[in-house]
Every structure is written in structure tokens, then in C-alpha cells.
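Data block for my_file07.txt (compact mmCIF, C-alpha atoms):
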```
# COMPACT_ATOMS: atom_id res chain seq x y z
CA MET A 14 -109.45 -52.75 38.41
CA ILE A 15 -109.50 -49.40 40.20
CA THR A 16 -110.38 -46.17 38.39
CA THR A 17 -110.50 -42.77 40.06
CA THR A 18 -111.19 -39.38 38.51
CA GLU A 19 -110.20 -35.97 39.81
CA TYR A 20 -110.16 -32.48 38.34
CA LEU A 21 -107.53 -29.79 38.87
CA TRP A 22 -108.62 -26.16 38.51
CA PHE A 23 -106.34 -23.38 37.27
CA GLU A 24 -106.75 -19.64 37.02
CA THR A 25 -103.37 -18.20 36.07
CA LYS A 26 -102.51 -14.55 36.73
CA GLN A 27 -100.77 -14.21 33.39
CA ARG A 28 -102.20 -15.00 29.99
CA LYS A 29 -99.30 -17.39 29.27
CA GLU A 30 -97.96 -19.39 32.19
CA PHE A 31 -96.54 -22.86 32.78
CA VAL A 32 -97.41 -24.45 36.14
CA ARG A 33 -95.63 -27.54 37.48
CA ILE A 34 -98.17 -30.15 38.61
CA THR A 35 -96.03 -33.26 39.22
CA ASN A 36 -96.68 -33.26 42.97
CA LYS A 37 -100.43 -32.90 42.53
CA ILE A 38 -100.52 -35.89 40.18
CA SER A 39 -98.36 -37.86 42.57
CA SER A 40 -100.79 -37.18 45.44
CA ILE A 41 -103.77 -38.28 43.36
CA VAL A 42 -101.96 -41.51 42.48
CA LYS A 43 -101.16 -42.25 46.14
CA LYS A 44 -104.73 -41.53 47.20
CA SER A 45 -106.09 -43.88 44.49
CA GLY A 46 -104.43 -46.96 45.94
CA VAL A 47 -103.29 -48.05 42.48
CA ARG A 48 -99.91 -49.82 42.57
CA GLU A 49 -99.66 -50.88 38.90
CA GLY A 50 -101.23 -48.87 36.11
CA LEU A 51 -101.41 -45.51 34.38
CA VAL A 52 -102.51 -42.00 35.19
CA PHE A 53 -103.95 -39.93 32.38
CA VAL A 54 -103.70 -36.11 32.59
CA SER A 55 -105.51 -33.98 30.00
CA ALA A 56 -106.38 -30.31 29.57
CA MET A 57 -110.15 -29.90 29.13
CA HIS A 58 -109.81 -26.49 27.45
CA ILE A 59 -108.48 -26.12 23.93
CA THR A 60 -106.14 -23.19 24.54
CA ALA A 61 -104.18 -25.03 27.23
CA GLY A 62 -101.83 -28.00 27.22
CA VAL A 63 -100.14 -30.55 29.44
CA TYR A 64 -96.56 -31.58 28.78
CA VAL A 65 -93.53 -33.31 30.31
CA ASN A 66 -90.16 -31.59 30.26
CA ASP A 67 -87.51 -29.88 32.38
CA TRP A 68 -88.18 -27.85 35.55
CA GLU A 69 -85.64 -25.17 34.63
CA ASP A 70 -86.63 -21.52 34.32
CA GLY A 71 -84.31 -20.82 31.39
CA LEU A 72 -85.77 -23.64 29.32
CA ILE A 73 -89.31 -22.57 30.19
CA GLU A 74 -88.45 -19.11 28.85
CA ASP A 75 -86.95 -20.77 25.73
CA PHE A 76 -90.21 -22.63 25.17
CA GLN A 77 -92.21 -19.39 25.35
CA VAL A 78 -89.93 -17.59 22.88
CA TRP A 79 -89.91 -20.57 20.53
CA LEU A 80 -93.69 -20.99 20.54
CA GLU A 81 -94.13 -17.29 19.80
CA LYS A 82 -91.89 -17.77 16.77
CA LEU A 83 -93.68 -20.89 15.49
CA ALA A 84 -97.23 -19.72 16.26
CA PRO A 85 -97.23 -15.93 16.65
CA ALA A 86 -99.96 -13.95 18.35
CA GLY A 87 -101.44 -10.97 16.51
CA LEU A 88 -101.61 -12.38 12.99
CA ASP A 89 -104.75 -11.99 10.93
CA TYR A 90 -106.26 -15.35 11.83
CA GLN A 91 -109.67 -16.40 10.44
CA HIS A 92 -110.68 -17.52 13.93
CA HIS A 93 -110.66 -13.88 15.01
CA ASN A 94 -113.69 -13.16 12.80
CA THR A 95 -115.70 -14.82 15.59
CA GLY A 96 -114.62 -12.08 18.00
CA GLU A 97 -111.89 -14.24 19.59
CA ASP A 98 -108.26 -13.11 19.65
CA ASN A 99 -106.63 -16.35 20.77
CA ALA A 100 -106.00 -18.42 17.62
CA ASP A 101 -102.30 -18.53 18.48
CA ALA A 102 -103.17 -20.20 21.81
CA HIS A 103 -104.90 -23.05 19.93
CA LEU A 104 -101.79 -23.51 17.79
CA LYS A 105 -99.30 -23.26 20.64
CA ARG A 106 -101.11 -25.88 22.68
CA THR A 107 -101.04 -28.17 19.63
CA ILE A 108 -97.24 -28.04 19.54
CA MET A 109 -96.87 -28.67 23.27
CA GLY A 110 -99.54 -31.38 23.38
CA HIS A 111 -102.60 -31.38 25.60
CA GLN A 112 -102.37 -34.72 27.38
CA VAL A 113 -99.85 -37.12 28.85
CA ILE A 114 -99.86 -40.51 30.46
CA LEU A 115 -97.60 -41.31 33.38
CA PRO A 116 -96.84 -44.90 34.36
CA ILE A 117 -97.48 -46.08 37.92
CA THR A 118 -95.13 -48.79 39.19
CA ASP A 119 -94.94 -50.06 42.79
CA GLY A 120 -97.52 -47.49 43.87
CA ALA A 121 -95.69 -44.37 42.65
CA LEU A 122 -95.15 -42.33 39.49
CA ASP A 123 -92.48 -44.09 37.44
CA LEU A 124 -90.64 -41.07 35.99
CA GLY A 125 -87.15 -40.52 34.66
CA PRO A 126 -84.71 -38.34 36.64
CA TRP A 127 -85.73 -35.04 35.05
CA GLU A 128 -89.32 -35.65 34.00
CA GLN A 129 -91.73 -33.04 35.38
CA VAL A 130 -95.37 -32.52 34.38
CA PHE A 131 -96.59 -29.03 33.51
CA TYR A 132 -99.91 -27.36 32.85
CA ALA A 133 -99.35 -24.93 29.95
CA GLU A 134 -101.74 -22.00 29.83
CA PHE A 135 -101.86 -19.91 26.64
CA ASP A 136 -105.04 -17.89 27.27
CA GLY A 137 -105.37 -17.60 31.01
CA CYS A 138 -106.78 -15.28 33.66
CA ARG A 139 -109.89 -17.46 33.75
CA LYS A 140 -110.86 -20.78 35.29
CA LYS A 141 -109.93 -23.95 33.45
CA ARG A 142 -109.83 -27.63 34.30
CA VAL A 143 -107.54 -30.62 33.85
CA VAL A 144 -108.94 -34.14 34.17
CA VAL A 145 -106.81 -36.76 35.95
CA LYS A 146 -107.86 -40.37 35.65
CA VAL A 147 -106.03 -43.21 37.39
CA MET A 148 -106.48 -46.78 36.12
CA GLY A 149 -104.82 -49.89 37.43
CA THR A 150 -104.66 -52.56 40.10
CA ALA A 151 -104.03 -52.41 43.85
CA MET B 3 -106.18 -57.43 34.45
CA ILE B 4 -102.55 -58.05 33.56
CA THR B 5 -99.93 -55.30 33.80
CA THR B 6 -96.26 -55.78 32.98
CA THR B 7 -93.46 -53.22 32.96
CA GLU B 8 -90.18 -53.36 31.09
CA TYR B 9 -87.43 -50.87 30.33
CA LEU B 10 -85.46 -50.51 27.12
CA TRP B 11 -81.97 -48.99 27.34
CA PHE B 12 -80.37 -46.96 24.57
CA GLU B 13 -76.89 -45.52 24.10
CA THR B 14 -76.73 -44.17 20.57
CA LYS B 15 -73.40 -43.63 18.83
CA GLN B 16 -74.56 -40.36 17.30
CA ARG B 17 -75.98 -37.38 19.11
CA LYS B 18 -79.10 -37.50 16.94
CA GLU B 19 -80.36 -40.91 15.89
CA PHE B 20 -83.71 -42.60 15.27
CA VAL B 21 -83.91 -46.29 16.25
CA ARG B 22 -86.75 -48.57 15.15
CA ILE B 23 -88.18 -50.46 18.16
CA THR B 24 -91.37 -52.05 16.77
CA ASN B 25 -90.03 -55.58 17.13
CA LYS B 26 -88.92 -55.03 20.71
CA ILE B 27 -92.36 -53.76 21.67
CA SER B 28 -93.96 -56.67 19.87
CA SER B 29 -91.85 -59.15 21.85
CA ILE B 30 -92.77 -57.51 25.16
CA VAL B 31 -96.46 -57.73 24.23
CA LYS B 32 -96.19 -61.42 23.36
CA LYS B 33 -94.31 -62.18 26.58
CA SER B 34 -96.98 -60.36 28.64
CA GLY B 35 -99.76 -62.74 27.65
CA VAL B 36 -102.13 -59.81 27.06
CA ARG B 37 -104.56 -60.47 24.19
CA GLU B 38 -106.73 -57.35 24.45
CA GLY B 39 -105.38 -54.06 25.73
CA LEU B 40 -102.80 -51.34 25.24
CA VAL B 41 -99.04 -50.98 25.41
CA PHE B 42 -97.68 -47.63 26.53
CA VAL B 43 -94.16 -46.62 25.37
CA SER B 44 -92.57 -43.47 26.81
CA ALA B 45 -89.11 -41.89 26.81
CA MET B 46 -87.93 -41.31 30.39
CA HIS B 47 -85.41 -38.62 29.37
CA ILE B 48 -86.51 -35.19 28.26
CA THR B 49 -84.22 -34.85 25.26
CA ALA B 50 -85.54 -38.00 23.59
CA GLY B 51 -88.85 -38.94 22.04
CA VAL B 52 -90.92 -41.88 20.83
CA TYR B 53 -92.96 -41.60 17.65
CA VAL B 54 -94.82 -43.64 15.02
CA ASN B 55 -94.09 -43.06 11.35
CA ASP B 56 -92.51 -44.54 8.23
CA TRP B 57 -89.49 -46.87 8.15
CA GLU B 58 -87.93 -45.17 5.15
CA ASP B 59 -84.44 -43.68 5.25
CA GLY B 60 -85.30 -40.69 3.07
CA LEU B 61 -88.16 -39.64 5.29
CA ILE B 62 -86.03 -40.10 8.40
CA GLU B 63 -83.50 -37.71 6.85
CA ASP B 64 -86.36 -35.31 6.01
CA PHE B 65 -87.45 -35.36 9.66
CA GLN B 66 -83.93 -34.48 10.80
CA VAL B 67 -83.60 -31.59 8.35
CA TRP B 68 -87.07 -30.30 9.21
CA LEU B 69 -86.52 -30.44 12.96
CA GLU B 70 -83.26 -28.54 12.57
CA LYS B 71 -85.20 -25.84 10.75
CA LEU B 72 -88.02 -25.60 13.30
CA ALA B 73 -85.82 -25.95 16.40
CA PRO B 74 -82.23 -25.09 15.49
CA ALA B 75 -79.20 -26.05 17.55
CA GLY B 76 -76.70 -23.35 18.40
CA LEU B 77 -79.04 -20.45 19.17
CA ASP B 78 -78.51 -18.35 22.27
CA TYR B 79 -80.95 -20.30 24.47
CA GLN B 80 -81.50 -19.28 28.12
CA HIS B 81 -81.19 -22.95 29.10
CA HIS B 82 -77.53 -22.80 28.15
CA ASN B 83 -76.81 -20.46 31.07
CA THR B 84 -76.95 -23.62 33.20
CA GLY B 85 -73.97 -25.04 31.31
CA GLU B 86 -76.11 -27.24 29.08
CA ASP B 87 -75.96 -26.96 25.28
CA ASN B 88 -78.99 -29.09 24.40
CA ALA B 89 -82.02 -26.75 24.50
CA ASP B 90 -82.79 -27.64 20.88
CA ALA B 91 -83.05 -31.32 21.87
CA HIS B 92 -85.82 -30.45 24.36
CA LEU B 93 -87.69 -28.57 21.63
CA LYS B 94 -87.19 -31.22 18.94
CA ARG B 95 -88.51 -33.98 21.15
CA THR B 96 -91.57 -31.83 21.86
CA ILE B 97 -92.43 -31.71 18.16
CA MET B 98 -91.93 -35.46 17.68
CA GLY B 99 -93.72 -36.42 20.88
CA HIS B 100 -92.26 -38.51 23.69
CA GLN B 101 -94.83 -41.25 24.13
CA VAL B 102 -97.20 -43.42 22.15
CA ILE B 103 -99.82 -46.03 22.85
CA LEU B 104 -100.18 -49.07 20.62
CA PRO B 105 -103.35 -51.16 20.66
CA ILE B 106 -103.18 -54.91 21.29
CA THR B 107 -105.84 -57.01 19.57
CA ASP B 108 -105.92 -60.82 19.43
CA GLY B 109 -102.59 -60.99 21.24
CA ALA B 110 -100.57 -58.84 18.82
CA LEU B 111 -99.81 -55.20 18.05
CA ASP B 112 -102.74 -53.84 16.03
CA LEU B 113 -100.87 -51.52 13.65
CA GLY B 114 -101.63 -50.11 10.22
CA PRO B 115 -99.65 -51.30 7.19
CA TRP B 116 -96.85 -48.72 7.51
CA GLU B 117 -96.83 -47.92 11.21
CA GLN B 118 -93.42 -48.36 12.83
CA VAL B 119 -92.36 -47.23 16.30
CA PHE B 120 -89.14 -45.27 16.73
CA TYR B 121 -86.99 -44.08 19.61
CA ALA B 122 -85.81 -40.57 18.70
CA GLU B 123 -82.56 -39.50 20.32
CA PHE B 124 -81.61 -35.81 20.19
CA ASP B 125 -78.77 -35.73 22.73
CA GLY B 126 -77.25 -39.17 22.71
CA CYS B 127 -73.95 -40.91 23.34
CA ARG B 128 -75.16 -41.69 26.87
CA LYS B 129 -77.47 -44.21 28.49
CA LYS B 130 -81.18 -43.50 28.46
CA ARG B 131 -84.33 -45.47 29.18
CA VAL B 132 -87.77 -46.02 27.69
CA VAL B 133 -90.56 -47.46 29.86
CA VAL B 134 -92.92 -49.99 28.27
CA LYS B 135 -96.09 -50.86 30.17
CA VAL B 136 -98.60 -53.41 28.93
CA MET B 137 -102.16 -53.35 30.31
CA GLY B 138 -105.02 -55.60 29.34
CA THR B 139 -106.68 -58.99 29.63
CA ALA B 140 -105.52 -62.49 28.71
CA MET C 12 -112.53 -55.20 32.67
CA ILE C 13 -114.26 -54.58 29.35
CA THR C 14 -112.32 -53.94 26.15
CA THR C 15 -113.92 -53.34 22.77
CA THR C 16 -112.28 -52.51 19.45
CA GLU C 17 -113.80 -50.82 16.44
CA TYR C 18 -112.43 -49.32 13.24
CA LEU C 19 -113.57 -46.17 11.48
CA TRP C 20 -112.98 -45.92 7.73
CA PHE C 21 -112.38 -42.66 5.89
CA GLU C 22 -112.06 -41.77 2.23
CA THR C 23 -111.97 -37.99 2.02
CA LYS C 24 -112.84 -36.19 -1.20
CA GLN C 25 -110.03 -33.69 -0.75
CA ARG C 26 -106.39 -34.45 -0.20
CA LYS C 27 -106.38 -32.40 3.01
CA GLU C 28 -109.53 -32.49 5.10
CA PHE C 29 -110.44 -32.42 8.80
CA VAL C 30 -113.47 -34.52 9.77
CA ARG C 31 -115.21 -34.21 13.15
CA ILE C 32 -115.64 -37.64 14.77
CA THR C 33 -116.76 -36.82 18.33
CA ASN C 34 -120.22 -38.30 17.86
CA LYS C 35 -118.87 -41.52 16.36
CA ILE C 36 -116.55 -42.01 19.33
CA SER C 37 -119.38 -41.22 21.71
CA SER C 38 -121.57 -43.91 20.10
CA ILE C 39 -118.82 -46.50 20.37
CA VAL C 40 -118.39 -45.68 24.05
CA LYS C 41 -122.11 -46.04 24.76
CA LYS C 42 -122.26 -49.34 22.88
CA SER C 43 -119.30 -50.69 24.87
CA GLY C 44 -121.10 -50.50 28.20
CA VAL C 45 -118.00 -48.99 29.83
CA ARG C 46 -118.91 -46.47 32.56
CA GLU C 47 -115.42 -45.71 33.91
CA GLY C 48 -112.35 -45.87 31.72
CA LEU C 49 -110.64 -44.55 28.62
CA VAL C 50 -111.18 -44.62 24.88
CA PHE C 51 -108.11 -44.60 22.68
CA VAL C 52 -108.41 -43.21 19.13
CA SER C 53 -105.46 -43.58 16.73
CA ALA C 54 -104.86 -43.09 13.02
CA MET C 55 -103.50 -46.31 11.47
CA HIS C 56 -101.98 -44.51 8.47
CA ILE C 57 -98.91 -42.34 8.80
CA THR C 58 -100.08 -39.41 6.72
CA ALA C 59 -103.17 -38.83 8.87
CA GLY C 60 -103.71 -37.64 12.42
CA VAL C 61 -106.26 -37.42 15.20
CA TYR C 62 -106.51 -34.30 17.35
CA VAL C 63 -108.74 -32.44 19.81
CA ASN C 64 -109.54 -28.79 19.25
CA ASP C 65 -112.25 -26.31 18.30
CA TRP C 66 -115.16 -27.02 15.93
CA GLU C 67 -114.92 -23.62 14.24
CA ASP C 68 -114.40 -23.27 10.50
CA GLY C 69 -112.14 -20.23 10.78
CA LEU C 70 -109.76 -22.00 13.14
CA ILE C 71 -109.74 -25.10 10.96
CA GLU C 72 -108.66 -22.88 8.05
CA ASP C 73 -106.01 -21.30 10.33
CA PHE C 74 -104.64 -24.76 11.12
CA GLN C 75 -104.35 -25.59 7.40
CA VAL C 76 -102.54 -22.35 6.59
CA TRP C 77 -100.25 -22.72 9.59
CA LEU C 78 -99.33 -26.33 8.79
CA GLU C 79 -98.51 -25.37 5.23
CA LYS C 80 -96.11 -22.75 6.59
CA LEU C 81 -94.41 -25.10 9.10
CA ALA C 82 -94.30 -28.16 6.82
CA PRO C 83 -94.70 -27.03 3.20
CA ALA C 84 -95.67 -29.31 0.35
CA GLY C 85 -93.55 -29.26 -2.79
CA LEU C 86 -90.08 -29.05 -1.26
CA ASP C 87 -87.32 -31.30 -2.46
CA TYR C 88 -87.80 -34.00 0.19
CA GLN C 89 -85.60 -37.13 0.21
CA HIS C 90 -88.72 -39.23 0.70
CA HIS C 91 -89.78 -38.30 -2.82
CA ASN C 92 -86.92 -40.33 -4.27
CA THR C 93 -89.10 -43.37 -3.54
CA GLY C 94 -91.72 -42.06 -5.97
CA GLU C 95 -93.93 -40.63 -3.19
CA ASP C 96 -94.89 -36.95 -3.14
CA ASN C 97 -96.36 -36.77 0.36
CA ALA C 98 -93.46 -36.10 2.74
CA ASP C 99 -95.20 -32.95 3.95
CA ALA C 100 -98.20 -35.07 5.00
CA HIS C 101 -95.94 -37.14 7.29
CA LEU C 102 -94.61 -33.93 8.86
CA LYS C 103 -98.00 -32.23 9.21
CA ARG C 104 -99.52 -35.21 10.97
CA THR C 105 -96.57 -35.17 13.39
CA ILE C 106 -97.41 -31.61 14.46
CA MET C 107 -101.12 -32.36 14.90
CA GLY C 108 -100.57 -35.70 16.62
CA HIS C 109 -101.96 -39.03 15.50
CA GLN C 110 -103.70 -40.32 18.60
CA VAL C 111 -105.72 -39.11 21.56
CA ILE C 112 -107.26 -40.59 24.64
CA LEU C 113 -110.65 -39.45 25.88
CA PRO C 114 -111.76 -40.15 29.44
CA ILE C 115 -115.05 -41.95 30.12
CA THR C 116 -116.85 -40.97 33.32
CA ASP C 117 -120.37 -42.06 34.32
CA GLY C 118 -120.79 -43.85 31.00
CA ALA C 119 -120.07 -40.88 28.70
CA LEU C 120 -117.16 -38.99 27.17
CA ASP C 121 -115.83 -36.62 29.83
CA LEU C 122 -114.90 -33.64 27.65
CA GLY C 123 -114.49 -29.93 28.32
CA PRO C 124 -117.02 -27.45 26.86
CA TRP C 125 -115.24 -26.94 23.53
CA GLU C 126 -113.34 -30.21 23.05
CA GLN C 127 -114.10 -31.91 19.74
CA VAL C 128 -112.23 -34.83 18.18
CA PHE C 129 -111.10 -34.64 14.57
CA TYR C 130 -109.65 -36.99 12.00
CA ALA C 131 -107.01 -35.01 10.09
CA GLU C 132 -106.31 -36.23 6.58
CA PHE C 133 -103.20 -34.93 4.79
CA ASP C 134 -103.05 -37.32 1.83
CA GLY C 135 -106.59 -38.42 1.18
CA CYS C 136 -108.80 -39.61 -1.65
CA ARG C 137 -108.10 -43.20 -0.57
CA LYS C 138 -109.35 -45.50 2.17
CA LYS C 139 -107.78 -45.22 5.60
CA ARG C 140 -108.61 -46.52 9.05
CA VAL C 141 -108.71 -45.26 12.62
CA VAL C 142 -108.67 -47.75 15.50
CA VAL C 143 -110.89 -47.05 18.51
CA LYS C 144 -110.33 -49.11 21.64
CA VAL C 145 -112.43 -48.73 24.77
CA MET C 146 -111.06 -50.00 28.10
CA GLY C 147 -112.72 -49.79 31.47
CA THR C 148 -115.33 -51.13 33.86
CA ALA C 149 -119.12 -51.35 33.63
```
Write-out of the structure in C-alpha cells:
Amino acid sequence: MITTTEYLWFETKQRKEFVRITNKISSIVKKSGVREGLVFVSAMHITAGVYVNDWEDGLIEDFQVWLEKLAPAGLDYQHHNTGEDNADAHLKRTIMGHQVILPITDGALDLGPWEQVFYAEFDGCRKKRVVVKVMGTA
Amino acid sequence: MITTTEYLWFETKQRKEFVRITNKISSIVKKSGVREGLVFVSAMHITAGVYVNDWEDGLIEDFQVWLEKLAPAGLDYQHHNTGEDNADAHLKRTIMGHQVILPITDGALDLGPWEQVFYAEFDGCRKKRVVVKVMGTA
Amino acid sequence: MITTTEYLWFETKQRKEFVRITNKISSIVKKSGVREGLVFVSAMHITAGVYVNDWEDGLIEDFQVWLEKLAPAGLDYQHHNTGEDNADAHLKRTIMGHQVILPITDGALDLGPWEQVFYAEFDGCRKKRVVVKVMGTA
């Protein structure tokens, strides 16, 4: 069995920003030499997520509006007694999820026609990591 | 290590429909010959999900009502400027999740007493796929 | 490839309670001898979850308040026609997620600086299990 581990670094310009990373994951898979297996992609910071959905700007805007409605910023959260102001980011990333697995078949990502992988930042403007681990057979 | 890949096809009669697939996954696991490992089950379309919960009609109805409250159809979503009318389906599947892993122990699905796997369709009446990948040892 | 399977038992004193389990998972990983791979952690009961987030009491309280708002107890759920009164627990665990994967690199959990794993009980005061499966190479 082959396993390889890589880390992607992000430092978004905006506090909330979704970044498409499908091609980066695809490159890591090709480099690994794995032809049958899985690639695991997980945010290592707890105010960021990783999700699979549509690469369409309108829907990305819909997600942002919707998350603000379900988990609003600026409420009187207990977490803010620590000096933090990002409790909503912890909640938003919980809705979106913070990790995905993508199947690898015949040496490539085995995705549906519209599946795209995104890094979802909810408290950005600082450096954060995503771990990418490939496991499978050559 | 053994890896096997299969695809399940769905074409639901209703736009929103939850379909129990535990037995199908169980059959794929048995066919694979894997005795220790994992089976990965993931919707390949971004308006559908896969989740684990109770096989009880009342609760399934509760899920539908609840999702309609958290992610209503018929709002003025940006995504609909593309001609689509299914933004709510993208949001609903995000809450339910679109992939699960089931453990395989002693050659069978290692599930708790009430765990059942469901395919969750939110924009149906057309053909969609779920990928099922088994990984483990004989 | 090495695979090992263990089960963690919980019987919380309160109906809703979040229990940190990072150290228990870490011990299982070390015992397994796996140096490169993944550990899969999944609630086997459908009114409980497993999630990764901050080990900070204020935020844990924020999560509880927030979940009660998104998936309130005490509504007139269809599921309660069966005699159950825990439909909200099924919904809450869906938002938090019921399973996570943690990467293993160089023989240890490969977590970000603030990542902690929690068992999330939403209908406790009875015995429940979590399955922990390690897969990888020595």
C-alpha cells in the first residue's frame, strides 16, 4: 500500500472566502502513483472547512448568505469571553463540514460531473493548513 | 490490500425522496471478499446526499419538514440566475452530508443496532450515481 | 496493511453532553503500531455524534444553544408517534456529524493546533458505543 501526505497552505485576503482546490488535489493524486484508493482532505484549523459542491458563483454567494442566517456573526456568544470574536466561524464550518474523501479509480479522481472541492475559510487573513493524505495501491 | 469499486444508479419518482441502501452496500461488501476494512459511499451529484440514521417513516418525514425550514425552496437564490431552480437542494444535501464510511469487521458491515444508510435525493426524477469503494484485507 | 478495531463505551450522566476523546483515540493509534494511515471514529447510535472542534467551555455552550435553536426539542415530531421523544437528538447529531477521520503521520495523530475530537451525546443516560478503526502501514 502507498500512503503520501501533503499540506496545502492558505492565507485568504478576505475573512470569509471559498477557494476551489480540485486541481491541487488531482495533482497530489497523480504524483502519489496511487491508481486505486482514496484521498482524504481535511482542514487542520477549526474555523475552516472543506466541502464538495458546485463551482458556480451564484451558489457560492447563496451559501454565504445562508450560513450567515443559520449561524450569524455578532451574537453574544460565550466563546467571545475568551477575547475571540469568531464563534460564528466555528458554527459555519460545522454546517459545511471540515473534511471529505475523494475516490481514486484508474489513477484519477473519480468525481461526478459537477463535483468540485472547496476550501471554506470563515476567519481568514492568516495562514492555515489543509492535510491531504492519499492511500491506495499502484 | 483489496479495493473494489461499484456504482449505484438512482432515478427517484419524486423530486425529494430518501432510499434505504444498507442491503445494497452489504452485498457489495460481501462480494468484495474484504474481511477487515472500510466501505466508502458517496453521492456523485451535488443535489443528493448519503446519510446514516433511523429507518422510521415518521423520522424521515421529520427530516423533510426540518430541511424545508432550514433551507427553503422557492427563495430568490442567486444560483437561479443560471436558469436552475434547485439551490435549496444544494443546501439541503450539505446539512445531511453527501458521504459516509462504514466499517467492515469479520467480513460484514459493523453497524450499531439502528444504523441504516440512506440515499437522499433533493432534485430527482433523473439518473444519478453513488460511488461505493471497498478497501481492506481478506 | 494493519487494521485494528476498538470500541469506546459511553454512558453520560446528562442527556446532552460533549465528551473529549482525543487522548483515547491517540492511545488506540499508538497501540496499533500504524505509522502512516487513518483512524476512523464513528458513533454507532443515531442520536449521538462525533466531531472535531475547540476544547473551550464557552464554545461548547454556544454549540448547545445553537443546536437547540436549529433543531429544538419538544416540537410535535412525527417520530414521537412511535413513543420516542428524541427526534431532536437525531436532527442535532446530523448537524454535528457522526463520524470523523483523523490522519496518522509518523506514528501519531496529525492534528492542527486546536483540533480536538469529541463524542456528542444528545440522548444519554444509557450505554452507547463508538467504533474506532485504524488502517495503515507500520
Practice prompt. Return as number ranges by chain the residues belonging to chain B that are within 8 Å of chain C, counting only C-alpha atoms.
Written response: B: 3, 38-39, 54-56, 58-61, 63-65, 68, 72, 97-98, 105, 107, 113-117, 139
Response to the item:
atom CA of Val21 of chain B sits from atom CA of Ala122 of chain B at a separation of 6.5 Å
Response to the item:
Here atom CA of Asp112 of chain B and atom CA of Gly60 of chain C stand apart by 16.6 Å
Worksheet entry | d(atom CA of Ala119 of chain C, atom CA of Lys35 of chain C) in Å |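 Calculated distance between atom CA of Ala119 of chain C and atom CA of Lys35 of chain C is 12.4 Å.
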Kindly add N, CA and C atoms to the incomplete segment 24-47 of chain B and provide the output as a short mmCIF file (atom, residue, chain, number, x, y, z; two decimals), keeping the file's coordinate frame.
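What landed in rebuild.cif:
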```
data_model
loop_
_atom_site.label_atom_id
_atom_site.label_comp_id
_atom_site.auth_asym_id
_atom_site.auth_seq_id
_atom_site.Cartn_x
_atom_site.Cartn_y
_atom_site.Cartn_z
N THR B 24 -90.10 -51.31 16.91
CA THR B 24 -91.37 -52.05 16.77
C THR B 24 -91.23 -53.50 17.22
N ASN B 25 -90.18 -54.16 16.80
CA ASN B 25 -90.03 -55.58 17.13
C ASN B 25 -89.83 -55.80 18.63
N LYS B 26 -89.11 -54.89 19.26
CA LYS B 26 -88.92 -55.03 20.71
C LYS B 26 -90.24 -54.89 21.46
N ILE B 27 -91.06 -53.94 21.01
CA ILE B 27 -92.36 -53.76 21.67
C ILE B 27 -93.24 -54.99 21.43
N SER B 28 -93.19 -55.48 20.22
CA SER B 28 -93.96 -56.67 19.87
C SER B 28 -93.59 -57.86 20.75
N SER B 29 -92.30 -58.05 20.99
CA SER B 29 -91.85 -59.15 21.85
C SER B 29 -92.35 -58.98 23.28
N ILE B 30 -92.29 -57.77 23.79
CA ILE B 30 -92.77 -57.51 25.16
C ILE B 30 -94.26 -57.83 25.27
N VAL B 31 -95.01 -57.46 24.23
CA VAL B 31 -96.46 -57.73 24.23
C VAL B 31 -96.70 -59.24 24.25
N LYS B 32 -95.98 -59.97 23.40
CA LYS B 32 -96.19 -61.42 23.36
C LYS B 32 -95.85 -62.07 24.69
N LYS B 33 -94.75 -61.65 25.28
CA LYS B 33 -94.31 -62.18 26.58
C LYS B 33 -95.33 -61.89 27.68
N SER B 34 -96.05 -60.77 27.56
CA SER B 34 -96.98 -60.36 28.64
C SER B 34 -98.20 -61.26 28.74
N GLY B 35 -98.55 -61.93 27.64
CA GLY B 35 -99.76 -62.74 27.65
C GLY B 35 -101.05 -61.95 27.45
N VAL B 36 -100.93 -60.63 27.28
CA VAL B 36 -102.13 -59.81 27.06
C VAL B 36 -102.64 -60.03 25.64
N ARG B 37 -103.95 -60.27 25.51
CA ARG B 37 -104.56 -60.47 24.19
C ARG B 37 -105.42 -59.29 23.77
N GLU B 38 -105.95 -58.56 24.75
CA GLU B 38 -106.73 -57.35 24.45
C GLU B 38 -106.28 -56.24 25.39
N GLY B 39 -105.80 -55.14 24.85
CA GLY B 39 -105.38 -54.06 25.73
C GLY B 39 -104.52 -53.04 25.00
N LEU B 40 -103.63 -52.41 25.77
CA LEU B 40 -102.80 -51.34 25.24
C LEU B 40 -101.36 -51.53 25.73
N VAL B 41 -100.41 -51.08 24.92
CA VAL B 41 -99.04 -50.98 25.41
C VAL B 41 -98.61 -49.52 25.29
N PHE B 42 -98.07 -49.03 26.39
CA PHE B 42 -97.68 -47.63 26.53
C PHE B 42 -96.15 -47.58 26.46
N VAL B 43 -95.61 -46.70 25.61
CA VAL B 43 -94.16 -46.62 25.37
C VAL B 43 -93.74 -45.17 25.54
N SER B 44 -92.86 -44.88 26.48
CA SER B 44 -92.57 -43.47 26.81
C SER B 44 -91.10 -43.27 27.14
N ALA B 45 -90.50 -42.25 26.51
CA ALA B 45 -89.11 -41.89 26.81
C ALA B 45 -89.04 -41.31 28.22
N MET B 46 -88.08 -41.78 29.01
CA MET B 46 -87.93 -41.31 30.39
C MET B 46 -86.94 -40.16 30.51
N HIS B 47 -86.37 -39.75 29.38
CA HIS B 47 -85.41 -38.62 29.37
C HIS B 47 -85.97 -37.53 28.47
#
```
